[in-house]
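What follows is the content of coords-v5.cif, which has mmCIF, C-alpha atoms:
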data_run
#
loop_
_atom_site.label_atom_id
_atom_site.label_comp_id
_atom_site.auth_asym_id
_atom_site.auth_seq_id
_atom_site.Cartn_x
_atom_site.Cartn_y
_atom_site.Cartn_z
CA MET A 156 0.00 0.00 0.00
CA SER A 157 1.43 3.33 -0.94
CA ARG A 158 1.89 6.11 1.55
CA ASN A 159 -0.58 8.34 -0.23
CA ARG A 160 -3.24 5.67 -0.25
CA ASN A 161 -2.72 5.16 3.50
CA ARG A 162 -3.16 8.86 4.03
CA GLY A 163 -6.37 8.77 2.04
CA ILE A 164 -7.73 5.93 4.15
CA VAL A 165 -6.78 7.63 7.42
CA GLY A 166 -8.22 10.94 6.20
CA GLY A 167 -11.44 9.23 5.17
CA ALA A 168 -11.72 7.43 8.51
CA ILE A 169 -11.21 10.71 10.37
CA ALA A 170 -13.93 12.38 8.30
CA VAL A 171 -16.37 9.53 8.96
CA VAL A 172 -15.75 9.58 12.73
CA LEU A 173 -16.04 13.36 12.96
CA GLY A 174 -19.17 13.32 10.84
CA ALA A 175 -20.77 10.63 13.01
CA PHE A 176 -20.09 12.57 16.21
CA ALA A 177 -21.35 15.82 14.70
CA TRP A 178 -24.54 14.04 13.68
CA LEU A 179 -24.95 12.56 17.17
CA LEU A 180 -24.34 15.89 18.86
CA TRP A 181 -26.36 18.25 16.73
CA GLY A 182 -29.05 16.10 15.29
CA GLY A 183 -29.57 12.46 16.01
CA LEU A 184 -29.59 12.17 19.75
CA ASP A 185 -31.27 15.49 20.35
CA GLY A 186 -34.79 14.70 19.30
CA ASN A 187 -34.99 11.19 17.98
CA ILE A 188 -33.17 9.12 20.54
CA VAL A 189 -34.75 9.83 23.89
CA TYR A 190 -34.25 7.25 26.61
CA PHE A 191 -37.69 7.80 28.13
CA LEU A 192 -40.75 10.00 27.62
CA THR A 193 -42.35 11.98 30.41
CA PRO A 194 -46.02 11.20 31.14
CA SER A 195 -46.96 14.55 29.52
CA GLU A 196 -45.09 13.66 26.33
CA LEU A 197 -46.77 10.26 26.15
CA MET A 198 -50.21 11.84 26.60
CA ALA A 199 -49.38 14.45 23.94
CA LYS A 200 -48.92 11.64 21.41
CA GLY A 201 -52.65 10.97 21.61
CA THR A 202 -53.78 7.81 19.87
CA GLN A 203 -50.28 7.29 18.44
CA GLY A 204 -49.07 6.59 21.97
CA TYR A 205 -51.21 3.44 22.30
CA ASP A 206 -49.86 -0.11 22.09
CA ALA A 207 -46.34 0.85 20.98
CA PRO A 208 -43.34 -0.25 23.07
CA VAL A 209 -42.10 2.80 24.95
CA ARG A 210 -40.24 3.90 28.07
CA VAL A 211 -41.88 6.33 30.47
CA GLY A 212 -40.03 8.04 33.31
CA GLY A 213 -41.48 9.97 36.24
CA MET A 214 -42.18 9.92 39.94
CA VAL A 215 -44.35 7.42 41.78
CA GLU A 216 -47.30 9.47 42.99
CA ASP A 217 -47.67 9.62 46.76
CA GLY A 218 -50.44 7.44 48.11
CA SER A 219 -51.03 5.67 44.80
CA VAL A 220 -49.14 2.42 45.44
CA VAL A 221 -51.25 -0.73 45.76
CA TRP A 222 -49.43 -4.05 46.05
CA ASP A 223 -51.39 -7.26 45.83
CA LYS A 224 -49.05 -9.78 47.41
CA ASP A 225 -51.18 -12.79 46.52
CA LYS A 226 -51.39 -12.06 42.82
CA LEU A 227 -47.98 -10.30 42.74
CA GLU A 228 -49.63 -7.34 41.06
CA LEU A 229 -48.49 -3.77 41.52
CA ARG A 230 -50.54 -0.70 40.68
CA PHE A 231 -49.50 2.90 41.07
CA ASN A 232 -49.56 6.25 39.27
CA VAL A 233 -46.54 7.75 37.55
CA THR A 234 -46.41 11.53 37.17
CA ASP A 235 -44.20 14.40 36.07
CA GLY A 236 -46.21 16.90 38.09
CA GLN A 237 -48.59 17.58 35.21
CA ALA A 238 -49.86 14.39 33.59
CA VAL A 239 -50.68 11.32 35.69
CA ILE A 240 -50.69 7.82 34.18
CA PRO A 241 -51.97 4.73 36.02
CA VAL A 242 -49.50 1.85 35.83
CA TYR A 243 -49.99 -1.90 36.09
CA SER A 244 -46.97 -4.11 36.70
CA LYS A 245 -46.68 -7.84 37.33
CA GLY A 246 -44.11 -9.20 39.77
CA ALA A 247 -42.14 -7.75 42.64
CA PRO A 248 -40.52 -4.38 41.97
CA PRO A 249 -36.88 -3.57 42.88
CA GLN A 250 -36.44 -3.30 46.64
CA MET A 251 -36.00 0.47 46.64
CA PHE A 252 -39.39 1.02 44.98
CA GLN A 253 -41.62 3.29 47.05
CA ALA A 254 -43.94 6.27 46.73
CA GLY A 255 -42.15 9.46 45.75
CA ILE A 256 -39.18 7.77 44.04
CA GLY A 257 -38.21 8.13 40.37
CA VAL A 258 -38.98 5.21 38.07
CA VAL A 259 -38.40 4.31 34.41
CA LEU A 260 -40.95 1.88 32.97
CA GLU A 261 -40.77 -0.18 29.80
CA GLY A 262 -44.08 -1.31 28.40
CA ARG A 263 -47.13 -0.31 26.37
CA TYR A 264 -49.81 2.27 26.98
CA GLN A 265 -53.13 0.46 26.65
CA ARG A 266 -56.27 1.89 25.07
CA SER A 267 -57.88 1.40 28.46
CA GLY A 268 -55.69 4.26 29.69
CA VAL A 269 -53.45 2.04 31.84
CA PHE A 270 -49.74 1.65 31.18
CA HIS A 271 -48.77 -2.03 31.25
CA SER A 272 -45.18 -2.15 32.40
CA ASN A 273 -43.04 -5.22 31.75
CA THR A 274 -39.81 -3.76 33.18
CA LEU A 275 -39.85 -1.48 36.20
CA MET A 276 -36.59 0.33 37.00
CA VAL A 277 -35.95 2.53 40.01
CA LYS A 278 -33.91 5.67 39.51
CA HIS A 279 -31.62 6.48 42.42
CA SER A 280 -30.67 10.09 43.06
CA ASN A 281 -27.07 11.20 43.55
CA GLU A 282 -27.62 11.52 47.30
CA TYR A 283 -26.01 9.16 49.78
CA LYS A 284 -26.42 9.36 53.54
CA PRO A 285 -26.69 7.08 56.54
CA PRO A 286 -30.14 6.86 58.15
CA ASP A 287 -31.16 9.71 60.42
CA HIS A 288 -31.34 9.18 64.16
CA GLY A 289 -33.82 6.44 65.02
CA GLU A 290 -34.30 5.46 61.39
CA LYS A 291 -33.31 1.97 60.31
CA PRO A 292 -31.10 1.42 57.30
CA ALA A 293 -32.70 -0.28 54.35
CA GLU A 294 -32.09 -4.00 54.24
CA LEU A 295 -32.15 -4.90 50.59
CA TYR A 296 -33.22 -8.46 49.85
CA LYS A 297 -34.95 -8.71 53.24
CA ASN A 298 -37.78 -6.23 52.97
CA LEU A 299 -40.53 -7.29 50.68
CA PRO A 300 -42.16 -4.29 49.11
CA ARG A 301 -44.62 -3.08 51.63
CA GLY A 302 -48.19 -2.57 50.53
CA SER A 303 -49.70 0.81 49.91
CA GLN A 304 -47.84 3.53 51.72
CA SER A 305 -46.88 7.07 51.10
CA MET B 43 -3.76 -6.97 29.56
CA SER B 44 -3.64 -4.10 31.97
CA ALA B 45 -1.75 -5.88 34.69
CA PRO B 46 1.74 -4.49 35.00
CA VAL B 47 4.44 -6.77 33.69
CA ILE B 48 6.43 -7.15 36.86
CA ASP B 49 9.05 -9.48 35.49
CA THR B 50 10.45 -7.77 32.47
CA PRO B 51 11.36 -10.09 29.62
CA ARG B 52 14.95 -11.23 29.86
CA PRO B 53 16.82 -10.57 26.62
CA PRO B 54 17.82 -13.78 24.82
CA ALA B 55 21.38 -14.90 25.39
CA GLY B 56 23.90 -13.11 23.27
CA LEU B 57 22.08 -9.82 23.22
CA PRO B 58 23.54 -6.73 24.84
CA PRO B 59 22.27 -6.19 28.38
CA SER B 60 20.27 -3.03 28.07
CA ALA B 61 18.26 -2.78 31.27
CA ALA B 62 21.25 -2.26 33.53
CA PRO B 63 21.51 1.56 33.39
CA VAL B 64 17.89 2.07 34.45
CA ALA B 65 17.91 -0.53 37.22
CA HIS B 66 17.99 2.15 39.87
CA SER B 67 14.96 4.12 38.62
CA ARG B 68 13.10 0.85 38.17
CA SER B 69 13.46 -0.06 41.81
CA GLY B 70 12.22 3.43 42.68
CA LEU B 71 9.16 2.88 40.48
CA ARG B 72 8.55 -0.49 42.14
CA GLN B 73 8.62 1.15 45.59
CA PHE B 74 6.17 3.81 44.43
CA GLY B 75 3.86 1.06 43.17
CA LEU B 76 4.00 -0.87 46.43
CA ILE B 77 3.18 2.26 48.43
CA ALA B 78 0.28 3.09 46.10
CA LEU B 79 -1.16 -0.44 46.36
CA ALA B 80 -0.79 -0.40 50.16
CA LEU B 81 -2.58 2.95 50.29
CA LEU B 82 -5.42 1.54 48.19
CA VAL B 83 -5.85 -1.41 50.58
CA VAL B 84 -5.86 0.95 53.59
CA ALA B 85 -8.33 3.31 51.86
CA GLN B 86 -10.72 0.45 51.01
CA VAL B 87 -10.67 -0.94 54.54
CA ALA B 88 -11.05 2.51 56.08
CA ALA B 89 -13.91 3.51 53.79
CA ILE B 90 -15.84 0.31 54.44
CA ALA B 91 -15.19 0.46 58.19
CA MET B 92 -16.17 4.13 58.49
CA SER B 93 -19.45 4.11 56.60
CA ARG B 94 -22.76 3.08 58.06
CA PRO B 95 -25.25 1.52 55.66
CA ASP B 96 -26.99 4.02 53.40
CA ALA B 97 -30.52 5.06 54.35
CA ALA B 98 -32.02 3.95 51.04
CA MET B 99 -29.77 1.21 49.69
CA GLY B 100 -27.98 -0.24 52.70
CA HIS B 101 -24.56 -1.77 52.12
CA THR B 102 -24.94 -1.55 48.34
CA GLN B 103 -23.71 2.05 48.71
CA LYS B 104 -20.18 0.71 49.36
CA ILE B 105 -19.81 -0.17 45.67
CA MET B 106 -19.27 3.59 45.32
CA TYR B 107 -15.78 3.18 46.80
CA VAL B 108 -14.66 1.07 43.84
CA HIS B 109 -16.98 2.31 41.08
CA VAL B 110 -16.22 6.04 41.33
CA PRO B 111 -12.39 5.67 41.52
CA THR B 112 -12.43 3.12 38.66
CA ALA B 113 -14.54 5.34 36.40
CA TRP B 114 -12.49 8.44 37.23
CA THR B 115 -9.16 6.73 36.52
CA ALA B 116 -10.56 5.35 33.25
CA PHE B 117 -11.33 8.94 32.16
CA LEU B 118 -7.87 10.01 33.35
CA SER B 119 -6.18 7.20 31.41
CA PHE B 120 -7.93 8.15 28.17
CA PHE B 121 -7.03 11.78 28.72
CA LEU B 122 -3.39 10.67 28.98
CA VAL B 123 -3.78 8.63 25.78
CA PHE B 124 -5.00 11.82 24.11
CA VAL B 125 -2.16 13.97 25.49
CA TYR B 126 0.61 11.51 24.60
CA SER B 127 -0.91 10.78 21.18
CA VAL B 128 -0.85 14.49 20.33
CA ARG B 129 2.70 14.68 21.67
CA TYR B 130 3.76 11.67 19.63
CA LEU B 131 2.30 13.07 16.41
CA TRP B 132 4.02 16.37 17.13
CA THR B 133 7.47 15.15 18.17
CA ARG B 134 7.62 11.48 17.09
CA ASP B 135 9.06 10.84 20.54
CA ALA B 136 9.00 7.08 21.20
CA ARG B 137 8.42 7.46 24.96
CA SER B 138 5.16 9.36 24.31
CA ASP B 139 4.00 6.44 22.18
CA ARG B 140 4.81 3.94 24.95
CA LEU B 141 2.97 6.02 27.57
CA ALA B 142 -0.06 6.28 25.28
CA LEU B 143 -0.01 2.50 24.88
CA GLY B 144 0.23 1.96 28.65
CA ALA B 145 -2.58 4.41 29.38
CA ALA B 146 -4.81 2.84 26.70
CA GLU B 147 -4.38 -0.70 28.04
CA VAL B 148 -4.99 0.39 31.63
CA GLY B 149 -7.95 2.58 30.66
CA THR B 150 -9.60 -0.20 28.65
CA ALA B 151 -9.40 -2.61 31.58
CA LEU B 152 -10.73 0.08 33.94
CA THR B 153 -13.68 0.78 31.63
CA ALA B 154 -14.59 -2.90 31.53
CA LEU B 155 -14.34 -3.01 35.33
CA THR B 156 -16.50 0.12 35.66
CA ILE B 157 -19.23 -1.51 33.57
CA VAL B 158 -19.11 -4.72 35.62
CA GLN B 159 -19.20 -2.85 38.95
CA GLY B 160 -22.02 -0.63 37.69
CA SER B 161 -23.96 -3.71 36.67
CA ILE B 162 -23.52 -5.27 40.12
CA TRP B 163 -24.81 -2.01 41.66
CA GLY B 164 -27.57 -1.60 39.08
CA LYS B 165 -29.25 -4.97 39.64
CA PRO B 166 -30.24 -4.34 43.29
CA THR B 167 -30.79 -0.60 42.80
CA TRP B 168 -32.42 -0.12 39.39
CA GLY B 169 -33.67 -3.69 39.12
CA VAL B 170 -31.76 -4.51 35.92
CA TRP B 171 -28.16 -5.48 35.10
CA TRP B 172 -28.13 -3.36 31.97
CA THR B 173 -30.32 -0.87 30.13
CA TRP B 174 -29.54 1.20 27.03
CA ASP B 175 -29.58 4.57 28.73
CA PRO B 176 -27.24 7.25 27.31
CA ARG B 177 -24.60 6.92 30.04
CA LEU B 178 -24.35 3.14 29.72
CA THR B 179 -24.49 3.21 25.94
CA THR B 180 -21.78 5.87 25.53
CA THR B 181 -19.60 3.98 28.03
CA ALA B 182 -19.97 0.79 25.98
CA ILE B 183 -18.96 2.79 22.88
CA MET B 184 -15.93 4.13 24.78
CA LEU B 185 -14.88 0.56 25.60
CA LEU B 186 -15.23 -0.47 21.94
CA ILE B 187 -13.19 2.51 20.70
CA TYR B 188 -10.22 1.62 22.90
CA VAL B 189 -10.51 -2.11 22.24
CA GLY B 190 -10.27 -1.07 18.58
CA TYR B 191 -7.24 1.07 19.42
CA LEU B 192 -5.47 -1.90 21.02
CA ALA B 193 -6.48 -4.23 18.17
CA LEU B 194 -5.07 -1.75 15.66
CA ARG B 195 -1.75 -1.76 17.49
CA ALA B 196 -1.71 -5.54 17.80
CA PHE B 197 -2.42 -6.20 14.12
CA THR B 198 0.00 -3.67 12.64
CA ASP B 199 3.47 -5.20 12.38
CA ASP B 200 5.43 -2.08 11.61
CA HIS B 201 6.16 -0.23 14.89
CA ASP B 202 6.19 3.27 13.42
CA ARG B 203 3.04 2.80 11.41
CA ALA B 204 1.25 1.24 14.41
CA ALA B 205 2.31 4.19 16.54
CA ARG B 206 1.10 6.77 14.00
CA TRP B 207 -2.27 5.14 13.36
CA ALA B 208 -2.83 4.47 17.05
CA ALA B 209 -2.04 8.10 17.84
CA ALA B 210 -4.67 9.22 15.33
CA VAL B 211 -7.25 6.94 16.99
CA GLY B 212 -6.06 8.10 20.42
CA VAL B 213 -6.82 11.70 19.47
CA LEU B 214 -10.11 11.12 17.60
CA GLY B 215 -11.44 8.50 19.98
CA PHE B 216 -11.12 10.92 22.85
CA ILE B 217 -14.06 12.94 21.48
CA ASN B 218 -16.34 10.36 23.08
CA VAL B 219 -14.85 10.68 26.58
CA PRO B 220 -16.35 14.10 27.50
CA ILE B 221 -19.61 12.87 25.93
CA VAL B 222 -19.64 9.93 28.37
CA TYR B 223 -18.97 12.30 31.26
CA MET B 224 -21.65 14.82 30.23
CA SER B 225 -24.23 12.23 29.09
CA VAL B 226 -25.99 12.29 32.46
CA ARG B 227 -26.47 16.06 32.15
CA TRP B 228 -27.26 16.33 28.44
CA TRP B 229 -29.80 13.54 28.13
CA ARG B 230 -32.41 11.75 30.18
CA THR B 231 -30.78 8.78 31.85
CA ILE B 232 -31.45 6.29 34.58
CA HIS B 233 -27.88 6.79 35.78
CA GLN B 234 -27.74 9.56 38.38
CA VAL B 235 -25.76 12.74 37.74
CA GLN B 236 -22.35 13.13 39.35
CA SER B 237 -22.49 13.38 43.12
CA THR B 238 -21.24 16.60 44.65
CA SER B 239 -19.80 17.18 48.09
CA SER B 240 -23.21 18.36 49.25
CA SER B 241 -25.05 15.28 47.99
CA VAL B 242 -22.69 12.81 49.68
CA ASP B 243 -22.82 12.61 53.46
CA PRO B 244 -19.59 13.78 55.18
CA SER B 245 -19.14 10.30 56.70
CA TYR B 246 -18.83 8.84 53.19
CA ARG B 247 -16.84 11.68 51.64
CA LEU B 248 -13.43 11.05 53.22
CA GLY B 249 -13.43 7.36 52.32
CA LEU B 250 -14.38 8.18 48.74
CA LEU B 251 -11.70 10.85 48.43
CA LEU B 252 -9.00 8.55 49.87
CA ASN B 253 -9.91 5.83 47.39
CA VAL B 254 -9.90 8.21 44.44
CA ILE B 255 -6.39 9.39 45.41
CA ALA B 256 -5.06 5.87 46.04
CA MET B 257 -6.55 4.50 42.83
CA THR B 258 -5.06 7.39 40.84
CA LEU B 259 -1.59 6.59 42.21
CA VAL B 260 -1.99 2.88 41.44
CA VAL B 261 -3.06 3.66 37.88
CA VAL B 262 -0.13 6.06 37.36
CA TYR B 263 2.15 3.25 38.54
CA PHE B 264 0.54 0.72 36.16
CA ILE B 265 0.94 3.08 33.21
CA LEU B 266 4.61 3.85 33.96
CA GLU B 267 5.37 0.17 34.49
CA ARG B 268 3.66 -0.77 31.23
CA ALA B 269 5.52 1.94 29.31
CA GLU B 270 8.79 0.61 30.72
CA SER B 271 8.02 -2.98 29.75
CA ALA B 272 7.07 -1.74 26.28
CA ARG B 273 10.50 -0.09 26.02
CA LEU B 274 12.21 -3.37 26.89
CA GLU B 275 10.06 -5.31 24.41
CA ARG B 276 10.98 -2.81 21.73
CA GLU B 277 14.70 -3.17 22.49
CA VAL B 278 14.53 -6.94 22.29
CA ASP B 279 12.70 -6.71 18.96
CA ALA B 280 15.25 -4.27 17.59
CA ALA B 281 18.17 -6.42 18.71
CA LEU B 282 16.64 -9.57 17.21
CA GLU B 283 16.01 -7.73 13.98
CA ARG B 284 19.64 -6.63 13.77
CA ARG B 285 20.83 -10.17 14.35
CA MET B 286 18.51 -11.64 11.74
CA LEU B 287 19.72 -9.10 9.21
CA GLY B 288 23.12 -10.75 9.55
CA GLY B 289 25.04 -7.98 11.20
CA SER B 290 26.95 -8.78 14.35
CA ALA B 291 25.25 -7.72 17.55
CA ALA B 292 28.53 -6.40 18.91
CA GLY B 293 28.08 -2.92 17.51
CA ALA B 294 24.65 -2.43 18.98
#
Rendering of file as structure tokens:
Amino acid sequence: MSRNRNRGIVGGAIAVVLGAFAWLLWGGLDGNIVYFLTPSELMAKGTQGYDAPVRVGGMVEDGSVVWDKDKLELRFNVTDGQAVIPVYSKGAPPQMFQAGIGVVLEGRYQRSGVFHSNTLMVKHSNEYKPPDHGEKPAELYKNLPRGSQS
Amino acid sequence: MSAPVIDTPRPPAGLPPSAAPVAHSRSGLRQFGLIALALLVVAQVAAIAMSRPDAAMGHTQKIMYVHVPTAWTAFLSFFLVFVYSVRYLWTRDARSDRLALGAAEVGTALTALTIVQGSIWGKPTWGVWWTWDPRLTTTAIMLLIYVGYLALRAFTDDHDRAARWAAAVGVLGFINVPIVYMSVRWWRTIHQVQSTSSSVDPSYRLGLLLNVIAMTLVVVYFILERAESARLEREVDAALERRMLGGSAAGA
């Protein structure tokens, strides 16, 4: 391979890489690739939002959690402060799940108006602290999700 | 691949002994490495002993003491790859090339470790081992870029050409590193944003800081040790080449 041809290949590779990053930065990831929608954004889609696989992220509304420990069914509302979407999920959620915490749900928004979640993920904040006086530390893997609480 | 080569390859019989003049600085480097490793052990024990279980996630919080230093030193390593790649392209100085190689190997291993540790933390916390959120996805891309960098070096026989091409990848590939760091601020992610001193309780802060410092020293040691072993490998190659070309090794 001649030196000039090598230079051409390297130059071409550089152009491709730079172009790809420019596209990611200023176009692609901005609008099209969004990790999750907020409840408001899902509602704004109207009928197009139904039955399509989607991720929704928001907070678990206080006082909305209902856990049926016999059927292993979890119901709660997810909200971004504006829109509220009722959620149905089968199976035990991650141990940190509770009212007021951030969640990201994968599933489909049903025509009945309920979001059927098949993957429930809990979003942890960047805060870390030991329990306050008199409070008990969380014991992951020991506490089953408690029923409705807020 | 990232583990430091402690026993440097002994030159085949009949080759000029080349490592002798640097024996002194090598023992100094070894001492620095031992101190750094000892400090890391002390920092880990201290951090774990000092911290009470987290209010929300219990003992899972302690993964922070390995995950944060590992991720930080991975970023640092790739920054060094960038710096020494630019320096190599500018000066064609062989030592810059060796340091870039060392930093790339160490950084690649650290990135893989960061992903594994994050996964172990993510399962009990998020509920999943992996999800394609922007932070995780860009980190996976970062790993692939530097695996590609190392593959490029491994499959190019000519030393100079390997060094030049690798330096180009070392400069261009670095574009992704600030993207990984900023991903949690630019896009919606499940990964939390960087903790600040006000979001981490004082009782956790000291242990975290100690581990970041200790890990940084260990990684600096690994990179220097790897650059040194690369120098010895290169000398052995050069000496073998001279002998195969039929010249006597005496003049070397």
When the PyMOL selection byres ((chain A) within 6 of (chain B)) is applied to the structure above, which residues does it catch, written out as a PDB file with C-alpha atoms, in the frame of the given file?
ATOM      1  CA  TYR A 190     -34.250   7.250  26.610  1.00  0.00           C
ATOM      2  CA  PRO A 249     -36.880  -3.570  42.880  1.00  0.00           C
ATOM      3  CA  MET A 276     -36.590   0.330  37.000  1.00  0.00           C
ATOM      4  CA  VAL A 277     -35.950   2.530  40.010  1.00  0.00           C
ATOM      5  CA  LYS A 278     -33.910   5.670  39.510  1.00  0.00           C
ATOM      6  CA  SER A 280     -30.670  10.090  43.060  1.00  0.00           C
ATOM      7  CA  ASN A 281     -27.070  11.200  43.550  1.00  0.00           C
ATOM      8  CA  GLU A 282     -27.620  11.520  47.300  1.00  0.00           C
ATOM      9  CA  TYR A 283     -26.010   9.160  49.780  1.00  0.00           C
ATOM     10  CA  LYS A 284     -26.420   9.360  53.540  1.00  0.00           C
ATOM     11  CA  PRO A 285     -26.690   7.080  56.540  1.00  0.00           C
ATOM     12  CA  PRO A 286     -30.140   6.860  58.150  1.00  0.00           C
ATOM     13  CA  PRO A 292     -31.100   1.420  57.300  1.00  0.00           C
ATOM     14  CA  ALA A 293     -32.700  -0.280  54.350  1.00  0.00           C
ATOM     15  CA  GLU A 294     -32.090  -4.000  54.240  1.00  0.00           C
TER      16      GLU A 294
END
Using all atoms of segment 240-252 of chain A that appear in the file, construct an axis-aligned enclosing box with 3 Å of padding on every side and provide its centre coordinates and edge lengths in Å, rounded to one decimal, as JSON.
{"center_x": -44.0, "center_y": -0.7, "center_z": 40.4, "size_x": 22.0, "size_y": 23.0, "size_z": 18.5}
Return as a CSV table (one decimal) with C-alpha atoms, keeping the file's coordinate frame the set of residues that the PyMOL selection byres ((chain A and resi 198-208) around 8) yields on the displayed structure.
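Result written to selection-v3.csv:
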chain,number,residue,atom,x,y,z
A,194,PRO,CA,-46.0,11.2,31.1
A,195,SER,CA,-47.0,14.6,29.5
A,196,GLU,CA,-45.1,13.7,26.3
A,197,LEU,CA,-46.8,10.3,26.2
A,209,VAL,CA,-42.1,2.8,25.0
A,210,ARG,CA,-40.2,3.9,28.1
A,238,ALA,CA,-49.9,14.4,33.6
A,261,GLU,CA,-40.8,-0.2,29.8
A,262,GLY,CA,-44.1,-1.3,28.4
A,263,ARG,CA,-47.1,-0.3,26.4
A,264,TYR,CA,-49.8,2.3,27.0
A,265,GLN,CA,-53.1,0.5,26.6
A,266,ARG,CA,-56.3,1.9,25.1
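Once Ala247 of chain A and its same-chain neighbours fewer than 3 positions away are set aside, Trp222, Asp223, Lys224, Leu227, Glu228, Leu229, Ser244, Gln250, Phe252, Leu275, Leu299 and Pro300 of chain A remain within 10 Å of it when counting all atoms listed in the file.
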* Could you pull the residues within 6 Å of Glu216 of chain A, counting all atoms listed in the file, minus those fewer than 4 positions along the same chain, as number ranges by chain? -> A: 232-233, 254-255
Would you output that residue set with C-alpha atoms, as a PDB file, in the coordinates of the input?
ATOM      1  CA  ASN A 232     -49.560   6.250  39.270  1.00  0.00           C
ATOM      2  CA  VAL A 233     -46.540   7.750  37.550  1.00  0.00           C
ATOM      3  CA  ALA A 254     -43.940   6.270  46.730  1.00  0.00           C
ATOM      4  CA  GLY A 255     -42.150   9.460  45.750  1.00  0.00           C
TER       5      GLY A 255
END
* For segment 263-278 of chain B, work out the shell of residues within 6 Å, counting only C-alpha atoms and skipping chain neighbours fewer than 4 positions away, then give it as a PyMOL selection string. => chain B and resi 46+75+140-141+144-145
Residues within 10 Å of Leu251 of chain B, all atoms listed in the file, excluding chain neighbours under 2 positions, as a compact mmCIF listing (two decimals) with C-alpha atoms, in the coordinates of the input:
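Below is the file that was written, selection.txt:
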# COMPACT_ATOMS: atom_id res chain seq x y z
CA ALA B 85 -8.33 3.31 51.86
CA ALA B 89 -13.91 3.51 53.79
CA TYR B 107 -15.78 3.18 46.80
CA VAL B 110 -16.22 6.04 41.33
CA PRO B 111 -12.39 5.67 41.52
CA TYR B 246 -18.83 8.84 53.19
CA ARG B 247 -16.84 11.68 51.64
CA LEU B 248 -13.43 11.05 53.22
CA GLY B 249 -13.43 7.36 52.32
CA ASN B 253 -9.91 5.83 47.39
CA VAL B 254 -9.90 8.21 44.44
CA ILE B 255 -6.39 9.39 45.41
CA ALA B 256 -5.06 5.87 46.04
CA MET B 257 -6.55 4.50 42.83
* To do: Would you mind telling me which residue in A:Gly268, A:Gly167, A:Gly218, A:Gly174 lies nearest to Tyr243 of chain A when using only C-alpha atoms?
  =>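 Of the candidates, the smallest distance to Tyr243 of chain A is held by A:Gly268.
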* Structure fact -> Between atom CA of Lys245 of chain A and atom CA of Lys226 of chain A lies a distance of 8.4 Å
* Which value, in Å to one decimal, gives the distance between atom CA of Leu178 of chain B and atom CA of Met214 of chain A? ->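 Computed distance, atom CA of Leu178 of chain B to atom CA of Met214 of chain A, equals 21.6 Å.
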* **For atom CA of Ala170 of chain A and atom CA of Leu192 of chain B, the interatomic separation in Å (one decimal)** =>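 These two atoms are separated by 20.9 Å.
The smallest atom-to-atom distance between Arg203 of chain B and any of B:Leu131, B:Val189, B:Ala80, B:Ile183, using all atoms listed in the file, is found for B:Leu131.
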